[in-house]
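Trainee: Handing you a structure now.
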Amino acid sequence: MTEHEPSSVDVLIASDRVPANARPELLTEDAIWALLDKVLDPEVPAVSVVELGIVRDLSWDGAHLTIDVTPTYSGCPATELIEELIAEAMRAAGIRDPQINRVLTPAWTTDWITEEGREKLRAFGIAPPEGSASKMSLLGADEVIACPLCGSTHTERLSEFGSTACKALYRCLDCREPFDYFKCI
Amino acid sequence: MTQKEVLQEYLLRLADSDMILGQRLSELTGKAPAVEEELAVMNVALDLVGQARNWYEYAAELINDGRDADKLVFLRDAHEYRNLLMVEQPNDDYAVTMARQFFFDVWHYFTLKSLVNASDERVATIAAKAVKEATYHLRRSSEWVKRMGDGTEESHRRIQDAFNLLWRFTGELITPDEVDHAMFKAGIGPDPEQLKQDWFGMVREVAAQATLTVGEEDAWMYMGGKRGEHTEHLGHILAVMQFLPRAYPDATTW
């Protein structure tokens with residue numbers, strides 16, 4: 001489960017996770033978003049699911065919470081795990097039976113990664129996506145990708161695909177370090 | 001066939017081609033010629049299997065006979081599979097693997113691009129997701145075709161041999177049958193004539209840059225995959241892919 005700071009409306013009894021918070025439906029949407037922002041992507045644990053832009057919406061219907069989540073790629077193997085981590089974080093805050101709704105449309109784009117998320121990716125050693133997904137050409141020239149370690153733009157692509165579907169593999173020709181680039185889609 | 005049955009059939013074609021190519025590419029796990037290629041091939045396979053699942057889940061809802069995506073994949077025999085013959089061809093030389101990928105990717109890219117505008121909302125939704133991935137696949141496979149074709153004498157010979165070997169399976173990609181025509185009429189599938197033009201346009205353009213020769217448009221073509229008539233290779237793929245769920249039916253943990 002994902003750690004988060006306890007607050008006055010959100011105090012857990014660790015042994016069985018039965019919340020002291022008897023009225024979780026009183027959590028504001030802002031409070032839920034704050035909880036979600038503590039749920040980290042299991043494959044890129046530098047960024048939260050909110051910073052990654054995969055949490056699309058949330059809504060209260062009486063005491064029932066629904067969260068819309070979109071996968072990054074059709075075959076992303078972390079999709080189920082991410083949904084479970086989100087549900088677990090909500091249950092830990094005392095929300096019963098949170099509904100996690102998988103939505104495919106509109107399709108996720110790296111344009112939704114927040115500025116903060118991009119900075120965290122860079123600090124983690126992953127070059128954030130360059131440019132805008134909508135302007136990428138099919139068979140055109142590649143974007144210039146800066147090395148997240150030394151900042152040099154003197155880099156080359158080793159493979160269109162990296163350690164996960166969402167990344168490509170690059171190498172810095174100055175500091176000689178290989179690095180992941182978060183592909184622009 | 002009713003309109004619903006035609007759509008089911010069409011969805012199974014899309015799903016089966018994604019699934020079988022994904023399985024084929026997965027055979028290269030631990031055996032790809034370079035580690036970067038291994039990563040790339042596995043990622044493409046992962047995208048394809050993910051897309052297949054989206055198509056299967058929709059098909060299963062329409063078929064509505066209690067089978068889910070897993071059952072459609074693991075408990076149908078070769079004659080029930082609707083994939084293109086191209087995708088079941090063996091990996092063989094890496095030039096063959098990449099030529100097969102390129103011919104498929106061009107078809108896949110233009111097909112999905114058209115399906116994004118399908119009158120069926122669910123189809124459009126799945127395609128909108130998949131087309132982004134297919135674009136990356138095509139970028140990669142077309143670069144490999146160019147690099148090998150315009151590379152050394154040896155690489156040129158091998159990719160040209162691969163083009164010659166696989167050309168006989170390209171006709172099926174762009175020759176419409178009654179299901180393709182019905183899907184176009186329903187505002188779902190691509191315009192068969194447009195798809196054919198787009199496919200030839202890009203294949204010829206990339207081949208020219210790669211200094212490769214493509215076959216004749218009216219060459220004799222193997223067809224039948226879309227109707228369940230397959231080459232001998234599909235049975236072997238299914239034997240490997242389906243063994244576990246058939247040996248241990250209803251197992252929930254592998």
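Letters for chains follow the order of the structure tokens (A, B, ...), residue numbers begin at 1 for each chain, and ligand numbers begin at 1 in the order shown.
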Could you pull out the strand (DSSP E or B) residues of region 68-101 of chain A from DSSP and send them as a ChimeraX atom specification?

Mentor: /A:68-69,99-101

Trainee: Select, as an MDAnalysis selection string, those residues of chain B with any atom no more than 9 Å from chain A (distances computed using only C-alpha atoms).

Mentor: chainID B and resid 36:37 39:54 124:126 128:130 132:133 135:140 142:143

Trainee: Got a sec: who's within 8 Å of Asp97 (chain A), counting only C-alpha atoms, leaving out chain neighbours fewer than 6 positions off, as a short mmCIF file (atom, residue, chain, number, x, y, z; two decimals) with N, CA and C atoms, in the first residue's frame?

Mentor:
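After the write, part_31.cif holds the following:
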data_model
loop_
_atom_site.label_atom_id
_atom_site.label_comp_id
_atom_site.auth_asym_id
_atom_site.auth_seq_id
_atom_site.Cartn_x
_atom_site.Cartn_y
_atom_site.Cartn_z
N HIS A 64 -20.27 7.06 -2.26
CA HIS A 64 -19.55 6.18 -3.17
C HIS A 64 -18.59 6.97 -4.06
N LEU A 65 -17.32 6.56 -4.01
CA LEU A 65 -16.30 7.29 -4.78
C LEU A 65 -15.93 6.53 -6.06
N ALA A 87 -6.87 1.96 -5.28
CA ALA A 87 -7.99 1.48 -4.45
C ALA A 87 -7.52 1.29 -3.01
N ARG A 91 -8.96 2.96 0.36
CA ARG A 91 -9.45 2.16 1.49
C ARG A 91 -8.73 2.54 2.78
#

Trainee: Which parts of chain A does DSSP call helix (DSSP H, G or I) when run on the backbone here, written out as a VMD selection string?

Mentor: chain A and resid 24 to 26 29 to 36 79 to 92 110 to 112 115 to 124 133 to 135

Trainee: Tell me which protein, DNA and RNA residues are within 9 Å of Trp112 (chain A), counting only C-alpha atoms, leaving out same-chain ones fewer than 6 positions away, and put them as an NGL selection string.

Mentor: :A and (51-54)
